[in-house]
$ cat structure23.cif   # mmCIF, C-alpha atoms
data_final
#
loop_
_atom_site.label_atom_id
_atom_site.label_comp_id
_atom_site.auth_asym_id
_atom_site.auth_seq_id
_atom_site.Cartn_x
_atom_site.Cartn_y
_atom_site.Cartn_z
CA GLN A 227 0.00 0.00 0.00
CA ASN A 228 1.55 3.30 -1.09
CA GLY A 229 1.26 6.63 0.68
CA TRP A 230 -1.63 7.87 -1.45
CA ASP A 231 -3.69 4.76 -0.68
CA ARG A 232 -3.26 5.52 3.01
CA VAL A 233 -4.14 9.20 2.70
CA LEU A 234 -7.13 8.86 0.34
CA PRO A 235 -9.53 7.27 2.87
CA TRP A 236 -8.88 10.13 5.30
CA LEU A 237 -9.59 12.71 2.60
CA GLN A 238 -12.79 10.88 1.74
CA LEU A 239 -13.76 10.73 5.40
CA CYS A 240 -13.28 14.49 5.74
CA ARG A 241 -15.05 15.20 2.42
CA LEU A 242 -12.24 17.58 1.60
CA PRO A 243 -13.76 19.21 -1.55
CA ASN A 244 -16.78 20.36 0.50
CA VAL A 245 -14.57 22.26 2.94
CA PHE A 246 -14.24 25.12 0.45
CA THR A 247 -18.00 25.73 0.52
CA ALA A 248 -17.88 25.89 4.32
CA VAL A 249 -15.01 28.37 4.60
CA ALA A 250 -16.68 30.67 2.06
CA ASP A 251 -19.44 31.40 4.59
CA PRO A 252 -17.41 33.23 7.29
CA LEU A 253 -15.34 34.96 4.63
CA ALA A 254 -18.51 36.31 3.03
CA GLY A 255 -19.83 37.28 6.45
CA ALA A 256 -16.66 39.21 7.30
CA LEU A 257 -16.72 41.07 3.99
CA LEU A 258 -20.41 41.92 4.32
CA VAL A 259 -19.81 43.77 7.59
CA GLY A 260 -16.80 45.64 6.24
CA ALA A 261 -13.73 43.68 7.32
CA ARG A 262 -10.62 45.62 6.30
CA PRO A 263 -7.03 44.49 5.58
CA GLY A 264 -6.28 44.96 9.26
CA TYR A 265 -8.44 41.92 9.98
CA VAL A 266 -6.27 39.49 8.00
CA PHE A 267 -5.19 37.49 11.05
CA GLU A 268 -8.74 37.23 12.38
CA ILE A 269 -10.06 36.22 8.95
CA VAL A 270 -7.42 33.49 8.64
CA MET A 271 -8.32 32.23 12.11
CA VAL A 272 -12.05 32.15 11.40
CA ILE A 273 -11.44 30.31 8.12
CA ILE A 274 -9.40 27.71 10.00
CA ALA A 275 -12.12 27.50 12.64
CA SER A 276 -14.81 26.98 10.01
CA ALA A 277 -12.78 24.36 8.13
CA CYS A 278 -12.00 22.39 11.29
CA LEU A 279 -15.52 22.56 12.68
CA TYR A 280 -16.93 21.43 9.34
CA THR A 281 -14.52 18.53 8.86
CA GLY A 282 -14.81 17.55 12.51
CA GLY A 283 -18.57 17.52 12.09
CA VAL A 284 -18.57 15.30 9.01
CA VAL A 285 -16.12 12.85 10.60
CA LEU A 286 -18.28 12.73 13.74
CA ASN A 287 -21.28 12.13 11.51
CA ASP A 288 -19.63 9.11 9.87
CA TRP A 289 -18.53 7.80 13.25
CA HIS A 290 -22.08 8.00 14.57
CA ASP A 291 -23.63 6.52 11.39
CA TYR A 292 -21.21 3.58 11.28
CA ARG A 293 -23.83 0.84 11.70
CA ARG A 294 -26.21 2.40 9.20
CA ASP A 295 -23.36 2.81 6.70
CA LEU A 296 -22.46 -0.87 7.07
CA ALA A 297 -25.75 -1.66 5.34
CA GLU A 298 -26.29 1.40 3.13
CA ARG A 299 -22.79 2.68 2.25
CA PRO A 300 -20.32 -0.16 2.83
CA GLY A 301 -17.71 1.49 0.59
CA ARG A 302 -17.23 4.45 2.94
CA PRO A 303 -13.87 4.55 4.80
CA LEU A 304 -15.24 3.35 8.16
CA PRO A 305 -17.55 0.46 7.17
CA SER A 306 -15.02 -0.74 4.60
CA GLY A 307 -12.43 -1.05 7.38
CA ARG A 308 -9.90 1.30 5.77
CA ILE A 309 -10.09 3.52 8.87
CA ARG A 310 -10.77 2.28 12.36
CA ARG A 311 -13.82 3.73 14.00
CA TRP A 312 -12.04 4.94 17.14
CA HIS A 313 -9.42 6.65 14.98
CA ALA A 314 -12.23 8.61 13.34
CA LEU A 315 -13.59 9.65 16.73
CA VAL A 316 -10.16 10.88 17.82
CA LEU A 317 -9.79 12.84 14.58
CA ALA A 318 -13.25 14.39 14.99
CA CYS A 319 -12.46 15.52 18.54
CA LEU A 320 -9.09 16.95 17.49
CA LEU A 321 -10.60 18.87 14.57
CA LEU A 322 -13.41 20.29 16.69
CA ALA A 323 -10.91 21.29 19.38
CA VAL A 324 -8.60 23.00 16.88
CA GLY A 325 -11.63 24.80 15.45
CA MET A 326 -12.52 26.17 18.87
CA VAL A 327 -8.94 27.28 19.53
CA ALA A 328 -8.85 29.08 16.18
CA ALA A 329 -12.16 30.79 16.99
CA TRP A 330 -10.71 31.88 20.36
CA CYS A 331 -7.72 33.36 18.53
CA ALA A 332 -10.12 35.30 16.28
CA GLY A 333 -11.75 37.00 19.24
CA PRO A 334 -14.15 36.50 22.19
CA THR A 335 -17.31 37.22 20.18
CA THR A 336 -16.24 34.79 17.49
CA LEU A 337 -15.62 32.16 20.16
CA GLN A 338 -19.15 32.66 21.51
CA VAL A 339 -20.65 32.07 18.07
CA ALA A 340 -18.34 29.09 17.56
CA VAL A 341 -19.61 27.52 20.80
CA LEU A 342 -23.18 27.76 19.47
CA LEU A 343 -22.02 26.29 16.16
CA LEU A 344 -20.28 23.41 17.94
CA ILE A 345 -23.45 22.64 19.90
CA ALA A 346 -25.51 22.70 16.69
CA ILE A 347 -23.03 20.39 14.91
CA ILE A 348 -23.01 17.81 17.72
CA THR A 349 -26.80 18.03 18.08
CA TYR A 350 -27.26 17.41 14.37
CA ASP A 351 -24.74 14.56 14.10
CA VAL A 352 -25.65 12.66 17.25
CA LEU A 353 -29.30 13.45 17.99
CA LEU A 354 -31.33 14.93 15.17
CA LYS A 355 -29.87 13.91 11.81
CA HIS A 356 -32.58 11.38 11.03
CA LEU A 357 -35.45 13.37 12.55
CA PRO A 358 -37.73 15.97 10.87
CA LEU A 359 -35.87 18.79 12.68
CA ALA A 360 -32.59 17.91 10.93
CA PRO A 361 -32.90 20.31 7.94
CA GLY A 362 -33.52 23.19 10.32
CA VAL A 363 -30.44 22.37 12.37
CA MET A 364 -28.39 22.06 9.19
CA GLY A 365 -29.57 25.51 8.16
CA LEU A 366 -28.74 26.84 11.62
CA CYS A 367 -25.18 25.51 11.30
CA ARG A 368 -24.61 27.37 8.04
CA GLY A 369 -26.22 30.53 9.39
CA LEU A 370 -23.96 30.46 12.45
CA ASN A 371 -20.99 29.88 10.15
CA VAL A 372 -21.79 33.15 8.36
CA LEU A 373 -22.38 34.91 11.67
CA MET A 374 -18.99 33.70 12.88
CA GLY A 375 -17.35 35.72 10.11
CA MET A 376 -19.51 38.75 10.85
CA SER A 377 -18.50 38.63 14.50
CA LEU A 378 -14.93 39.60 13.60
CA VAL A 379 -15.90 43.23 13.08
CA PRO A 380 -17.26 44.99 16.21
CA LEU A 381 -20.52 46.85 15.87
CA ALA A 382 -18.69 50.11 16.62
CA ASP A 383 -16.50 49.62 13.54
CA SER A 384 -19.26 48.58 11.16
CA SER A 385 -22.33 50.15 9.60
CA VAL A 386 -24.10 46.79 9.73
CA SER A 387 -26.29 46.50 12.84
CA THR A 388 -26.93 43.40 14.91
CA GLY A 389 -30.40 43.04 13.41
CA VAL A 390 -29.09 43.12 9.86
CA ARG A 391 -26.36 40.62 10.70
CA VAL A 392 -28.87 38.19 12.18
CA PHE A 393 -31.15 38.71 9.18
CA LEU A 394 -28.37 37.96 6.67
CA ALA A 395 -27.30 34.87 8.60
CA GLY A 396 -30.95 33.85 8.73
CA VAL A 397 -31.22 34.14 4.94
CA MET A 398 -28.36 31.65 4.60
CA ALA A 399 -29.97 29.34 7.17
CA PHE A 400 -33.30 29.55 5.34
CA TYR A 401 -31.63 28.83 2.01
CA ILE A 402 -29.80 25.76 3.34
CA LEU A 403 -33.04 24.57 4.91
CA GLY A 404 -34.63 24.69 1.47
CA VAL A 405 -31.70 23.00 -0.25
CA THR A 406 -31.62 20.24 2.39
CA LEU A 407 -35.34 19.58 2.03
CA PHE A 408 -34.93 19.50 -1.73
CA ALA A 409 -32.09 16.99 -1.52
CA GLN A 410 -33.77 14.53 0.79
CA ARG A 411 -34.93 11.23 -0.70
CA GLU A 412 -37.95 9.57 0.82
CA ALA A 413 -41.17 7.91 -0.30
CA ALA A 414 -42.54 9.16 -3.62
CA LEU A 415 -45.39 11.30 -2.31
CA LYS A 416 -43.39 12.65 0.59
CA GLN A 417 -40.47 13.36 -1.70
CA ASP A 418 -42.65 15.40 -4.07
CA VAL A 419 -43.96 17.48 -1.19
CA ARG A 420 -40.43 18.09 0.14
CA ILE A 421 -39.16 19.04 -3.31
CA TRP A 422 -41.89 21.66 -3.67
CA ILE A 423 -41.33 23.03 -0.19
CA GLY A 424 -37.55 23.05 -0.65
CA SER A 425 -37.82 24.81 -4.01
CA ILE A 426 -40.15 27.51 -2.63
CA ILE A 427 -37.96 28.17 0.43
CA SER A 428 -34.77 28.34 -1.68
CA THR A 429 -36.42 30.74 -4.13
CA LEU A 430 -37.79 33.02 -1.41
CA SER A 431 -34.41 33.23 0.32
CA LEU A 432 -32.56 34.43 -2.80
#

$ encode --input "structure23.cif" --output "structure tokens"
Amino acid sequence: QNGWDRVLPWLQLCRLPNVFTAVADPLAGALLVGARPGYVFEIVMVIIASACLYTGGVVLNDWHDYRRDLAERPGRPLPSGRIRRWHALVLACLLLAVGMVAAWCAGPTTLQVAVLLLIAIITYDVLLKHLPLAPGVMGLCRGLNVLMGMSLVPLADSSVSTGVRVFLAGVMAFYILGVTLFAQREAALKQDVRIWIGSIISTLSL
């Protein structure tokens, strides 16, 4: 087994290509509230925080869904045996911890938002993923991700008020709620209803 064969399962476990969509959220949030070049360090830290919280969340998700994946997705890194389950749990904890440290480095307000995001991620992965509330929690995660970027710029240094910030983050949350509903696959009738609802919500949030 060469080096690439050892690394590839870990990249698949972390869903590396999707990380770029996650880190775009806090970057957009920071720019929307007027982050200037002086915020370079904080922006880098919040990007690292977002990337680590996202990847930690998806690894935790696969760890929790191990038994389901044995039957439904046996080719995934954990059910296929290419990565041990406890190794995945250790990686998830490390990534989530690094994400929180990076958020702390970005500033106290950013850390507060990151704590809420961490709670939402764990709640989604461990408790609510397969329940009707799951799309809402997924939307909340993405909304908090945007808000984490906005938190870099104090209200005193920005023309964007708290209400507007929450509204913009809410638009992202609403959009992801619609996209998640749209993407879900269930029974034919239920699926049609969810597709219509998801399409309407996504359209209204644009």

$ resolve_selection --input "structure23.cif" --expression "the PyMOL selection byres ((chain A and resi 350-354) around 10)" --output "VMD selection string"
chain A and resid 283 to 291 344 to 349 355 to 364 366 to 367

$ closest_residue --input "structure23.cif" --among "A:Met326, A:Val341, A:Ile309, A:Val266" --to "Gln238 of chain A" --atoms "all atoms listed in the file"
A:Ile309

$ resolve_selection --input "structure23.cif" --expression "the PyMOL selection byres ((chain A and resi 245) around 9)" --output "list of chain:residue names"
A:Cys240, A:Arg241, A:Leu242, A:Pro243, A:Asn244, A:Phe246, A:Thr247, A:Ala248, A:Val249, A:Ala250, A:Ser276, A:Ala277, A:Cys278, A:Tyr280, A:Thr281

$ residues_around --input "structure23.cif" --residues "Leu370 of chain A" --least-positions-apart "4" --cutoff "7 Å" --atoms "all atoms listed in the file" --output "list of chain:residue names"
A:Val339, A:Leu343, A:Leu366, A:Met374, A:Ala395

$ closest_residue --input "structure23.cif" --among "A:Ser384, A:Gly389, A:Ala314, A:Gly365" --to "Gly404 of chain A" --atoms "all atoms listed in the file"
A:Gly365

$ residues_around --input "structure23.cif" --residues "Ser306 of chain A" --least-positions-apart "3" --cutoff "12 Å" --atoms "all atoms listed in the file" --output "PDB file with C-alpha atoms, in the coordinates of the input"
ATOM      1  CA  PRO A 235      -9.530   7.270   2.870  1.00  0.00           C
ATOM      2  CA  LEU A 239     -13.760  10.730   5.400  1.00  0.00           C
ATOM      3  CA  TYR A 292     -21.210   3.580  11.280  1.00  0.00           C
ATOM      4  CA  ARG A 293     -23.830   0.840  11.700  1.00  0.00           C
ATOM      5  CA  ASP A 295     -23.360   2.810   6.700  1.00  0.00           C
ATOM      6  CA  LEU A 296     -22.460  -0.870   7.070  1.00  0.00           C
ATOM      7  CA  ALA A 297     -25.750  -1.660   5.340  1.00  0.00           C
ATOM      8  CA  GLU A 298     -26.290   1.400   3.130  1.00  0.00           C
ATOM      9  CA  ARG A 299     -22.790   2.680   2.250  1.00  0.00           C
ATOM     10  CA  PRO A 300     -20.320  -0.160   2.830  1.00  0.00           C
ATOM     11  CA  GLY A 301     -17.710   1.490   0.590  1.00  0.00           C
ATOM     12  CA  ARG A 302     -17.230   4.450   2.940  1.00  0.00           C
ATOM     13  CA  PRO A 303     -13.870   4.550   4.800  1.00  0.00           C
ATOM     14  CA  ILE A 309     -10.090   3.520   8.870  1.00  0.00           C
ATOM     15  CA  ARG A 310     -10.770   2.280  12.360  1.00  0.00           C
ATOM     16  CA  ARG A 311     -13.820   3.730  14.000  1.00  0.00           C
TER      17      ARG A 311
END

$ atom_distance --input "structure23.cif" --atom1 "atom CA of Ser377 of chain A" --atom2 "atom CA of Thr335 of chain A"
6.0 Å

$ closest_residue --input "structure23.cif" --among "A:Leu407, A:Tyr401, A:Leu394, A:Pro380" --to "Tyr265 of chain A" --atoms "only C-alpha atoms"
A:Pro380

$ atom_distance --input "structure23.cif" --atom1 "atom CA of Met398 of chain A" --atom2 "atom CA of Gln338 of chain A"
19.3 Å

$ atom_distance --input "structure23.cif" --atom1 "atom CA of Ile402 of chain A" --atom2 "atom CA of Gly369 of chain A"
8.5 Å

$ axis_aligned_box --input "structure23.cif" --around "segment 311-325 of chain A" --padding-each-side "4 Å" --output "JSON"
{"center_x": -11.2, "center_y": 14.3, "center_z": 16.4, "size_x": 13.2, "size_y": 29.1, "size_z": 14.0}

$ residues_around --input "structure23.cif" --residues "Val324 of chain A" --least-positions-apart "3" --cutoff "10 Å" --atoms "all atoms listed in the file" --output "ChimeraX atom specification"
/A:274-275,277-279,282,318-321,327-330

$ write_last_selection --input "structure23.cif" --atoms "C-alpha atoms" --output "mmCIF file, keeping the file's coordinate frame"
data_model
loop_
_atom_site.group_PDB
_atom_site.id
_atom_site.type_symbol
_atom_site.label_atom_id
_atom_site.label_comp_id
_atom_site.auth_asym_id
_atom_site.auth_seq_id
_atom_site.Cartn_x
_atom_site.Cartn_y
_atom_site.Cartn_z
ATOM 1 C CA ILE A 274 -9.400 27.710 10.000
ATOM 2 C CA ALA A 275 -12.120 27.500 12.640
ATOM 3 C CA ALA A 277 -12.780 24.360 8.130
ATOM 4 C CA CYS A 278 -12.000 22.390 11.290
ATOM 5 C CA LEU A 279 -15.520 22.560 12.680
ATOM 6 C CA GLY A 282 -14.810 17.550 12.510
ATOM 7 C CA ALA A 318 -13.250 14.390 14.990
ATOM 8 C CA CYS A 319 -12.460 15.520 18.540
ATOM 9 C CA LEU A 320 -9.090 16.950 17.490
ATOM 10 C CA LEU A 321 -10.600 18.870 14.570
ATOM 11 C CA VAL A 327 -8.940 27.280 19.530
ATOM 12 C CA ALA A 328 -8.850 29.080 16.180
ATOM 13 C CA ALA A 329 -12.160 30.790 16.990
ATOM 14 C CA TRP A 330 -10.710 31.880 20.360
#

$ residues_around --input "structure23.cif" --residues "Val386 of chain A" --least-positions-apart "4" --cutoff "12 Å" --atoms "only C-alpha atoms" --output "list in words"
Gly255, Ala256, Leu257, Leu258, Val259, Gly260, Ala261, Met376, Ser377, Val379, Pro380, Leu381, Ala382, Val390, Arg391, Val392, Phe393 and Leu394 of chain A

$ closest_residue --input "structure23.cif" --among "A:Arg308, A:Leu253, A:Val405, A:Val316" --to "Val233 of chain A" --atoms "only C-alpha atoms"
A:Arg308

$ resolve_selection --input "structure23.cif" --expression "the PyMOL selection byres ((chain A and resi 332) around 8)" --output "list in words"
Phe267, Glu268, Ile269, Met271, Val272, Ala328, Ala329, Trp330, Cys331, Gly333, Pro334, Thr336, Leu337 and Leu378 of chain A

$ decode --input "structure23.cif" --residues "segment 288-311 of chain A" --atoms "N, CA and C atoms" --output "JSON list (two decimals), in the first residue's frame"
[["chain", "number", "residue", "atom", "x", "y", "z"],
["A", 288, "ASP", "N", -19.92, 10.46, 10.35],
["A", 288, "ASP", "CA", -19.63, 9.11, 9.87],
["A", 288, "ASP", "C", -19.38, 8.14, 11.02],
["A", 289, "TRP", "N", -18.74, 8.64, 12.08],
["A", 289, "TRP", "CA", -18.53, 7.80, 13.25],
["A", 289, "TRP", "C", -19.86, 7.36, 13.85],
["A", 290, "HIS", "N", -20.78, 8.30, 13.97],
["A", 290, "HIS", "CA", -22.08, 8.00, 14.57],
["A", 290, "HIS", "C", -22.92, 7.11, 13.66],
["A", 291, "ASP", "N", -22.81, 7.27, 12.34],
["A", 291, "ASP", "CA", -23.63, 6.52, 11.39],
["A", 291, "ASP", "C", -22.98, 5.21, 10.95],
["A", 292, "TYR", "N", -21.98, 4.76, 11.68],
["A", 292, "TYR", "CA", -21.21, 3.58, 11.28],
["A", 292, "TYR", "C", -22.10, 2.37, 10.98],
["A", 293, "ARG", "N", -23.01, 2.04, 11.88],
["A", 293, "ARG", "CA", -23.83, 0.84, 11.70],
["A", 293, "ARG", "C", -24.78, 1.00, 10.52],
["A", 294, "ARG", "N", -25.33, 2.16, 10.35],
["A", 294, "ARG", "CA", -26.21, 2.40, 9.20],
["A", 294, "ARG", "C", -25.41, 2.29, 7.90],
["A", 295, "ASP", "N", -24.19, 2.85, 7.91],
["A", 295, "ASP", "CA", -23.36, 2.81, 6.70],
["A", 295, "ASP", "C", -22.91, 1.39, 6.35],
["A", 296, "LEU", "N", -22.80, 0.52, 7.35],
["A", 296, "LEU", "CA", -22.46, -0.87, 7.07],
["A", 296, "LEU", "C", -23.44, -1.49, 6.09],
["A", 297, "ALA", "N", -24.71, -1.11, 6.21],
["A", 297, "ALA", "CA", -25.75, -1.66, 5.34],
["A", 297, "ALA", "C", -25.96, -0.82, 4.09],
["A", 298, "GLU", "N", -25.90, 0.53, 4.24],
["A", 298, "GLU", "CA", -26.29, 1.40, 3.13],
["A", 298, "GLU", "C", -25.11, 1.92, 2.31],
["A", 299, "ARG", "N", -23.95, 2.14, 2.95],
["A", 299, "ARG", "CA", -22.79, 2.68, 2.25],
["A", 299, "ARG", "C", -21.53, 1.93, 2.67],
["A", 300, "PRO", "N", -21.46, 0.65, 2.36],
["A", 300, "PRO", "CA", -20.32, -0.16, 2.83],
["A", 300, "PRO", "C", -18.97, 0.26, 2.25],
["A", 301, "GLY", "N", -18.98, 1.06, 1.19],
["A", 301, "GLY", "CA", -17.71, 1.49, 0.59],
["A", 301, "GLY", "C", -17.07, 2.68, 1.28],
["A", 302, "ARG", "N", -17.78, 3.31, 2.22],
["A", 302, "ARG", "CA", -17.23, 4.45, 2.94],
["A", 302, "ARG", "C", -16.01, 4.01, 3.76],
["A", 303, "PRO", "N", -15.12, 4.93, 4.12],
["A", 303, "PRO", "CA", -13.87, 4.55, 4.80],
["A", 303, "PRO", "C", -14.05, 3.74, 6.09],
["A", 304, "LEU", "N", -15.08, 4.08, 6.90],
["A", 304, "LEU", "CA", -15.24, 3.35, 8.16],
["A", 304, "LEU", "C", -15.85, 1.96, 7.98],
["A", 305, "PRO", "N", -17.00, 1.81, 7.32],
["A", 305, "PRO", "CA", -17.55, 0.46, 7.17],
["A", 305, "PRO", "C", -16.69, -0.47, 6.33],
["A", 306, "SER", "N", -15.89, 0.10, 5.42],
["A", 306, "SER", "CA", -15.02, -0.74, 4.60],
["A", 306, "SER", "C", -13.78, -1.22, 5.37],
["A", 307, "GLY", "N", -13.56, -0.64, 6.56],
["A", 307, "GLY", "CA", -12.43, -1.05, 7.38],
["A", 307, "GLY", "C", -11.12, -0.36, 7.05],
["A", 308, "ARG", "N", -11.14, 0.60, 6.12],
["A", 308, "ARG", "CA", -9.90, 1.30, 5.77],
["A", 308, "ARG", "C", -9.45, 2.24, 6.88],
["A", 309, "ILE", "N", -10.40, 2.69, 7.69],
["A", 309, "ILE", "CA", -10.09, 3.52, 8.87],
["A", 309, "ILE", "C", -10.83, 2.93, 10.06],
["A", 310, "ARG", "N", -10.13, 2.80, 11.16],
["A", 310, "ARG", "CA", -10.77, 2.28, 12.36],
["A", 310, "ARG", "C", -11.73, 3.32, 12.94],
["A", 311, "ARG", "N", -12.80, 2.82, 13.52],
["A", 311, "ARG", "CA", -13.82, 3.73, 14.00],
["A", 311, "ARG", "C", -13.31, 4.64, 15.11]]
